[in-house]
file model-v5.cif (mmCIF, C-alpha atoms and all ligand atoms)
data_input
#
loop_
_atom_site.label_atom_id
_atom_site.label_comp_id
_atom_site.auth_asym_id
_atom_site.auth_seq_id
_atom_site.Cartn_x
_atom_site.Cartn_y
_atom_site.Cartn_z
CA MET A 39 113.69 -14.36 -264.76
CA ASN A 40 116.22 -15.66 -267.30
CA LYS A 41 119.69 -16.67 -266.17
CA PRO A 42 121.64 -13.53 -265.25
CA LEU A 43 124.18 -12.25 -267.76
CA VAL A 44 125.31 -9.32 -265.64
CA SER A 45 126.32 -9.64 -262.02
CA ILE A 46 126.23 -6.50 -259.92
CA ILE A 47 128.31 -6.88 -256.77
CA MET A 48 128.86 -4.33 -254.05
CA GLY A 49 130.88 -4.14 -250.89
CA SER A 50 127.97 -3.45 -248.59
CA GLN A 51 124.20 -3.30 -248.46
CA SER A 52 124.76 0.43 -247.87
CA ASP A 53 125.98 0.73 -251.49
CA TRP A 54 122.62 -0.36 -252.91
CA PRO A 55 120.98 3.08 -253.25
CA VAL A 56 123.82 4.03 -255.61
CA MET A 57 124.23 0.64 -257.28
CA GLU A 58 120.52 0.27 -257.93
CA GLU A 59 121.04 2.85 -260.68
CA ALA A 60 122.90 0.17 -262.63
CA THR A 61 119.72 -1.87 -262.88
CA LYS A 62 117.71 0.81 -264.69
CA VAL A 63 119.07 0.37 -268.21
CA LEU A 64 119.34 -3.38 -267.71
CA GLU A 65 115.64 -3.55 -266.88
CA GLN A 66 114.60 -1.19 -269.66
CA LEU A 67 116.48 -3.24 -272.25
CA GLY A 68 115.64 -6.65 -270.85
CA VAL A 69 119.09 -7.74 -269.71
CA PRO A 70 118.89 -10.32 -266.92
CA TYR A 71 121.03 -9.52 -263.90
CA GLU A 72 121.68 -10.46 -260.31
CA ALA A 73 122.76 -8.23 -257.41
CA LYS A 74 124.85 -9.44 -254.48
CA VAL A 75 126.81 -8.16 -251.52
CA VAL A 76 130.42 -9.33 -251.88
CA SER A 77 133.00 -7.57 -249.75
CA ALA A 78 136.70 -7.86 -250.55
CA HIS A 79 137.74 -7.38 -246.94
CA ARG A 80 134.73 -8.62 -244.94
CA THR A 81 133.94 -11.68 -247.07
CA PRO A 82 137.15 -12.49 -248.97
CA GLU A 83 136.23 -16.16 -249.42
CA ARG A 84 132.85 -15.18 -250.87
CA LEU A 85 134.68 -12.91 -253.32
CA TYR A 86 137.04 -15.72 -254.33
CA GLU A 87 134.16 -18.14 -254.85
CA PHE A 88 132.14 -15.55 -256.77
CA ALA A 89 134.89 -14.27 -259.08
CA SER A 90 136.47 -17.60 -259.86
CA THR A 91 133.18 -19.24 -260.84
CA ALA A 92 131.13 -16.38 -262.36
CA HIS A 93 131.95 -17.39 -265.95
CA GLU A 94 130.85 -20.98 -265.27
CA ARG A 95 127.43 -19.67 -264.24
CA GLY A 96 127.04 -17.84 -267.56
CA ILE A 97 127.83 -14.35 -266.29
CA LYS A 98 129.27 -12.19 -269.11
CA VAL A 99 129.95 -8.87 -267.37
CA ILE A 100 130.59 -7.99 -263.73
CA ILE A 101 129.74 -4.57 -262.30
CA ALA A 102 131.54 -3.96 -259.01
CA GLY A 103 130.70 -0.99 -256.78
CA ALA A 104 132.37 -0.11 -253.50
CA GLY A 105 133.34 2.85 -251.38
CA GLY A 106 136.44 3.91 -249.46
CA SER A 107 139.52 1.77 -250.17
CA ALA A 108 137.58 0.13 -252.95
CA HIS A 109 139.64 -2.90 -253.91
CA LEU A 110 136.58 -4.98 -254.82
CA ALA A 111 136.69 -4.41 -258.58
CA GLY A 112 140.42 -4.94 -258.89
CA MET A 113 140.37 -8.10 -256.79
CA ALA A 114 137.44 -9.47 -258.77
CA ALA A 115 139.27 -8.67 -262.02
CA ALA A 116 142.32 -10.49 -260.70
CA MET A 117 140.31 -13.70 -260.46
CA THR A 118 138.27 -13.71 -263.67
CA HIS A 119 138.75 -13.10 -267.38
CA LEU A 120 135.28 -11.51 -267.56
CA PRO A 121 135.14 -7.74 -268.05
CA VAL A 122 134.76 -5.90 -264.75
CA VAL A 123 133.13 -2.47 -264.73
CA ALA A 124 133.97 -0.50 -261.58
CA VAL A 125 131.73 2.03 -259.84
CA PRO A 126 133.29 4.27 -257.19
CA VAL A 127 130.66 4.72 -254.47
CA PRO A 128 130.71 8.08 -252.64
CA SER A 129 132.32 7.71 -249.22
CA LYS A 130 131.65 9.57 -245.99
CA HIS A 131 134.94 11.42 -245.59
CA PHE A 132 136.24 11.98 -249.12
CA LYS A 133 133.02 11.93 -251.13
CA GLY A 134 134.21 9.03 -253.29
CA MET A 135 137.54 10.52 -254.39
CA ASP A 136 139.21 7.73 -252.41
CA SER A 137 136.99 5.14 -254.10
CA LEU A 138 137.76 6.61 -257.52
CA MET A 139 141.50 6.65 -256.96
CA SER A 140 141.55 3.10 -255.70
CA MET A 141 139.65 1.87 -258.77
CA VAL A 142 140.88 3.96 -261.66
CA GLN A 143 144.62 3.55 -261.22
CA MET A 144 144.89 -0.19 -261.88
CA PRO A 145 148.42 -1.37 -262.55
CA ARG A 146 149.15 -2.69 -266.03
CA GLY A 147 147.91 -6.18 -266.79
CA VAL A 148 144.66 -6.33 -264.81
CA ALA A 149 141.98 -4.06 -266.25
CA VAL A 150 138.83 -2.59 -264.78
CA ALA A 151 136.56 -0.21 -266.69
CA CYS A 152 136.10 2.55 -264.12
CA GLN A 153 133.02 4.76 -264.35
CA ALA A 154 132.17 8.09 -262.76
CA VAL A 155 131.64 8.44 -259.00
CA GLY A 156 128.13 7.76 -257.75
CA GLY A 157 124.76 7.25 -259.36
CA ALA A 158 125.68 8.41 -262.86
CA GLY A 159 128.62 6.01 -262.82
CA ALA A 160 126.39 3.15 -261.68
CA TYR A 161 123.83 4.00 -264.36
CA ASN A 162 126.51 4.09 -267.04
CA ALA A 163 127.92 0.81 -265.75
CA GLY A 164 124.57 -0.76 -266.60
CA LEU A 165 124.68 0.94 -269.98
CA ILE A 166 128.20 -0.15 -270.92
CA ALA A 167 127.45 -3.70 -269.78
CA THR A 168 124.43 -3.66 -272.11
CA GLN A 169 126.57 -2.35 -274.96
CA MET A 170 129.08 -5.16 -274.41
CA LEU A 171 126.34 -7.78 -274.51
CA ALA A 172 124.79 -6.18 -277.59
CA LEU A 173 127.96 -6.92 -279.58
CA GLU A 174 126.81 -10.55 -279.82
CA ASP A 175 123.05 -10.02 -279.71
CA ALA A 176 121.32 -8.47 -282.73
CA GLU A 177 117.97 -8.08 -280.97
CA LEU A 178 119.56 -6.32 -278.02
CA THR A 179 121.44 -4.07 -280.47
CA LYS A 180 118.11 -3.01 -282.01
CA ARG A 181 116.63 -2.25 -278.58
CA LEU A 182 119.75 -0.32 -277.62
CA GLN A 183 119.65 1.75 -280.82
CA GLN A 184 115.99 2.59 -280.21
CA TRP A 185 116.76 3.46 -276.57
CA ARG A 186 119.47 5.86 -277.71
CA LYS A 187 117.16 7.44 -280.28
CA ASP A 188 114.45 7.90 -277.64
CA GLN A 189 116.98 9.56 -275.35
CA THR A 190 118.10 11.93 -278.11
CA ASP A 191 114.49 12.74 -279.03
CA SER A 192 113.69 13.50 -275.39
CA VAL A 193 116.19 16.36 -275.19
CA ALA A 194 114.31 19.63 -275.48
CA THR A 195 115.55 22.36 -277.79
CA GLU A 196 114.13 25.24 -275.80
CA VAL A 197 114.97 25.74 -272.14
CA LYS A 198 111.48 26.91 -271.24
C1 LIG A 201 132.88 -0.56 -248.38
O1 LIG A 201 132.82 0.27 -247.28
C2 LIG A 201 131.52 -0.61 -248.98
O2 LIG A 201 131.59 -0.76 -250.36
C3 LIG A 201 130.88 0.68 -248.56
O3 LIG A 201 130.89 1.64 -249.61
C4 LIG A 201 131.75 1.17 -247.42
C5 LIG A 201 130.99 1.30 -246.13
O4 LIG A 201 130.37 0.07 -245.83
P1 LIG A 201 129.41 -0.06 -244.56
O5 LIG A 201 130.23 0.28 -243.37
O6 LIG A 201 128.27 0.91 -244.79
O7 LIG A 201 128.92 -1.48 -244.58
O8 LIG A 201 133.27 -1.84 -248.02
#

call {"tool": "encode", "arguments": {"input": "model-v5.cif", "output": "structure tokens"}}
result
Amino acid sequence: MNKPLVSIIMGSQSDWPVMEEATKVLEQLGVPYEAKVVSAHRTPERLYEFASTAHERGIKVIIAGAGGSAHLAGMAAAMTHLPVVAVPVPSKHFKGMDSLMSMVQMPRGVAVACQAVGGAGAYNAGLIATQMLALEDAELTKRLQQWRKDQTDSVATEVK
């Protein structure tokens, strides 16, 4: 596989069933990615190493998914100039409302692009990362435009 341009990080292996959704558009449109477990609170040094060196490895966009008190995206964004797309993962007790609130309300000056809670948010994280990369990639732009056309064409007019 080519060198990854998108890095998908998540707080726990248990986030993967949700975060795997982010890989779907990336695979369909041929965007190379990597996926790693990086926990803000369980592996803080791994997070520091990851976020502070991601740009040197050629990563262009980071997708960060976590549940509960989900500080992963904000902490990653604090340590890199790369765009960070946040995915609130549904949590056991509050169904991801806690994750959403901890990601969406970033104080001024450190930005994360927060998506919807759960699988749709993860899927759209892959999509928006692709759109960002397409800004500087004419071939990817063509594939993205075709992908969008195919999606539009696939929507039925009649309900049955
Ligand atoms: C967060 O705590 C993770 O992102 C995950 O969503 C949640 C639960 O993690 P596990 O206890 O399943 O490892 O750090």

call {"tool": "residues_near_ligand", "arguments": {"input": "model-v5.cif", "ligand": "ligand LIG 201 (chain A)", "cutoff": "10 Å", "atoms": "all atoms listed in the file", "output": "PDB file with C-alpha atoms, in the frame of the given file"}}
result
ATOM      1  CA  ILE A  47     128.310  -6.880-256.770  1.00  0.00           C
ATOM      2  CA  MET A  48     128.860  -4.330-254.050  1.00  0.00           C
ATOM      3  CA  GLY A  49     130.880  -4.140-250.890  1.00  0.00           C
ATOM      4  CA  SER A  50     127.970  -3.450-248.590  1.00  0.00           C
ATOM      5  CA  GLN A  51     124.200  -3.300-248.460  1.00  0.00           C
ATOM      6  CA  SER A  52     124.760   0.430-247.870  1.00  0.00           C
ATOM      7  CA  ASP A  53     125.980   0.730-251.490  1.00  0.00           C
ATOM      8  CA  TRP A  54     122.620  -0.360-252.910  1.00  0.00           C
ATOM      9  CA  VAL A  56     123.820   4.030-255.610  1.00  0.00           C
ATOM     10  CA  VAL A  75     126.810  -8.160-251.520  1.00  0.00           C
ATOM     11  CA  VAL A  76     130.420  -9.330-251.880  1.00  0.00           C
ATOM     12  CA  SER A  77     133.000  -7.570-249.750  1.00  0.00           C
ATOM     13  CA  ALA A  78     136.700  -7.860-250.550  1.00  0.00           C
ATOM     14  CA  HIS A  79     137.740  -7.380-246.940  1.00  0.00           C
ATOM     15  CA  ARG A  80     134.730  -8.620-244.940  1.00  0.00           C
ATOM     16  CA  THR A  81     133.940 -11.680-247.070  1.00  0.00           C
ATOM     17  CA  ALA A 102     131.540  -3.960-259.010  1.00  0.00           C
ATOM     18  CA  GLY A 103     130.700  -0.990-256.780  1.00  0.00           C
ATOM     19  CA  ALA A 104     132.370  -0.110-253.500  1.00  0.00           C
ATOM     20  CA  GLY A 105     133.340   2.850-251.380  1.00  0.00           C
ATOM     21  CA  GLY A 106     136.440   3.910-249.460  1.00  0.00           C
ATOM     22  CA  SER A 107     139.520   1.770-250.170  1.00  0.00           C
ATOM     23  CA  ALA A 108     137.580   0.130-252.950  1.00  0.00           C
ATOM     24  CA  HIS A 109     139.640  -2.900-253.910  1.00  0.00           C
ATOM     25  CA  LEU A 110     136.580  -4.980-254.820  1.00  0.00           C
ATOM     26  CA  VAL A 125     131.730   2.030-259.840  1.00  0.00           C
ATOM     27  CA  PRO A 126     133.290   4.270-257.190  1.00  0.00           C
ATOM     28  CA  VAL A 127     130.660   4.720-254.470  1.00  0.00           C
ATOM     29  CA  PRO A 128     130.710   8.080-252.640  1.00  0.00           C
ATOM     30  CA  SER A 129     132.320   7.710-249.220  1.00  0.00           C
ATOM     31  CA  LYS A 130     131.650   9.570-245.990  1.00  0.00           C
ATOM     32  CA  GLY A 134     134.210   9.030-253.290  1.00  0.00           C
ATOM     33  CA  SER A 137     136.990   5.140-254.100  1.00  0.00           C
TER      34      SER A 137
END

call {"tool": "atom_distance", "arguments": {"input": "model-v5.cif", "atom1": "CA of His119 (chain A)", "atom2": "CA of Ile97 (chain A)"}}
result
11.0 Å

call {"tool": "closest_residue", "arguments": {"input": "model-v5.cif", "among": "A:Ala60, A:Ala116, A:Leu182, A:Met170", "to": "Met144 (chain A)", "atoms": "only C-alpha atoms"}}
result
A:Ala116

call {"tool": "closest_residue", "arguments": {"input": "model-v5.cif", "among": "A:Arg84, A:Lys74, A:Lys41, A:Lys62", "to": "Ala158 (chain A)", "atoms": "only C-alpha atoms"}}
result
A:Lys62

call {"tool": "residues_around", "arguments": {"input": "model-v5.cif", "residues": "Ile166 (chain A)", "least_positions_apart": "3", "cutoff": "12 Å", "atoms": "all atoms listed in the file", "output": "ChimeraX atom specification"}}
result
/A:44,60-61,63-64,69,99-101,121-125,151-153,159-163,169-173,182

call {"tool": "atom_distance", "arguments": {"input": "model-v5.cif", "atom1": "CA of Arg146 (chain A)", "atom2": "CA of Ser90 (chain A)"}}
result
20.5 Å

call {"tool": "atom_distance", "arguments": {"input": "model-v5.cif", "atom1": "CA of Glu174 (chain A)", "atom2": "CA of Gly96 (chain A)"}}
result
14.3 Å

call {"tool": "closest_residue", "arguments": {"input": "model-v5.cif", "among": "A:Leu120, A:Val150, A:Ala114, A:Val142", "to": "Glu83 (chain A)", "atoms": "all atoms listed in the file"}}
result
A:Ala114

call {"tool": "closest_residue", "arguments": {"input": "model-v5.cif", "among": "A:Ile46, A:Gln184, A:Gly157, A:Met113", "to": "Ala73 (chain A)", "atoms": "all atoms listed in the file"}}
result
A:Ile46

call {"tool": "residues_around", "arguments": {"input": "model-v5.cif", "residues": "Pro42 (chain A)", "least_positions_apart": "2", "cutoff": "7 Å", "atoms": "all atoms listed in the file", "output": "ChimeraX atom specification"}}
result
/A:40,44-45,70-72,97

call {"tool": "build_atoms", "arguments": {"input": "model-v5.cif", "residues": "region 164-186 of chain A", "atoms": "N, CA and C atoms", "output": "short mmCIF file (atom, residue, chain, number, x, y, z; two decimals), in the frame of the given file"}}
result
data_model
loop_
_atom_site.label_atom_id
_atom_site.label_comp_id
_atom_site.auth_asym_id
_atom_site.auth_seq_id
_atom_site.Cartn_x
_atom_site.Cartn_y
_atom_site.Cartn_z
N GLY A 164 125.62 0.07 -266.01
CA GLY A 164 124.57 -0.76 -266.60
C GLY A 164 124.50 -0.59 -268.10
N LEU A 165 124.73 0.65 -268.55
CA LEU A 165 124.68 0.94 -269.98
C LEU A 165 125.85 0.29 -270.73
N ILE A 166 127.04 0.42 -270.20
CA ILE A 166 128.20 -0.15 -270.92
C ILE A 166 128.15 -1.68 -270.89
N ALA A 167 127.62 -2.24 -269.83
CA ALA A 167 127.45 -3.70 -269.78
C ALA A 167 126.47 -4.13 -270.88
N THR A 168 125.40 -3.36 -271.05
CA THR A 168 124.43 -3.66 -272.11
C THR A 168 125.08 -3.55 -273.48
N GLN A 169 125.89 -2.52 -273.68
CA GLN A 169 126.57 -2.35 -274.96
C GLN A 169 127.52 -3.52 -275.24
N MET A 170 128.20 -4.00 -274.23
CA MET A 170 129.08 -5.16 -274.41
C MET A 170 128.27 -6.38 -274.85
N LEU A 171 127.17 -6.62 -274.18
CA LEU A 171 126.34 -7.78 -274.51
C LEU A 171 125.73 -7.64 -275.90
N ALA A 172 125.42 -6.41 -276.29
CA ALA A 172 124.79 -6.18 -277.59
C ALA A 172 125.72 -6.53 -278.75
N LEU A 173 127.01 -6.57 -278.51
CA LEU A 173 127.96 -6.92 -279.58
C LEU A 173 127.64 -8.29 -280.18
N GLU A 174 127.11 -9.18 -279.36
CA GLU A 174 126.81 -10.55 -279.82
C GLU A 174 125.32 -10.85 -279.83
N ASP A 175 124.50 -9.80 -279.82
CA ASP A 175 123.05 -10.02 -279.71
C ASP A 175 122.34 -8.98 -280.58
N ALA A 176 121.91 -9.41 -281.77
CA ALA A 176 121.32 -8.47 -282.73
C ALA A 176 120.03 -7.84 -282.21
N GLU A 177 119.23 -8.62 -281.49
CA GLU A 177 117.97 -8.08 -280.97
C GLU A 177 118.24 -7.01 -279.91
N LEU A 178 119.20 -7.30 -279.05
CA LEU A 178 119.56 -6.32 -278.02
C LEU A 178 120.14 -5.06 -278.67
N THR A 179 120.90 -5.23 -279.74
CA THR A 179 121.44 -4.07 -280.47
C THR A 179 120.30 -3.19 -280.97
N LYS A 180 119.25 -3.81 -281.52
CA LYS A 180 118.11 -3.01 -282.01
C LYS A 180 117.46 -2.25 -280.86
N ARG A 181 117.26 -2.93 -279.73
CA ARG A 181 116.63 -2.25 -278.58
C ARG A 181 117.52 -1.11 -278.07
N LEU A 182 118.82 -1.34 -278.09
CA LEU A 182 119.75 -0.32 -277.62
C LEU A 182 119.74 0.90 -278.55
N GLN A 183 119.69 0.64 -279.85
CA GLN A 183 119.65 1.75 -280.82
C GLN A 183 118.37 2.57 -280.65
N GLN A 184 117.24 1.88 -280.42
CA GLN A 184 115.99 2.59 -280.21
C GLN A 184 116.04 3.40 -278.91
N TRP A 185 116.62 2.78 -277.88
CA TRP A 185 116.76 3.46 -276.57
C TRP A 185 117.57 4.75 -276.74
N ARG A 186 118.64 4.67 -277.50
CA ARG A 186 119.47 5.86 -277.71
C ARG A 186 118.72 6.93 -278.51
#
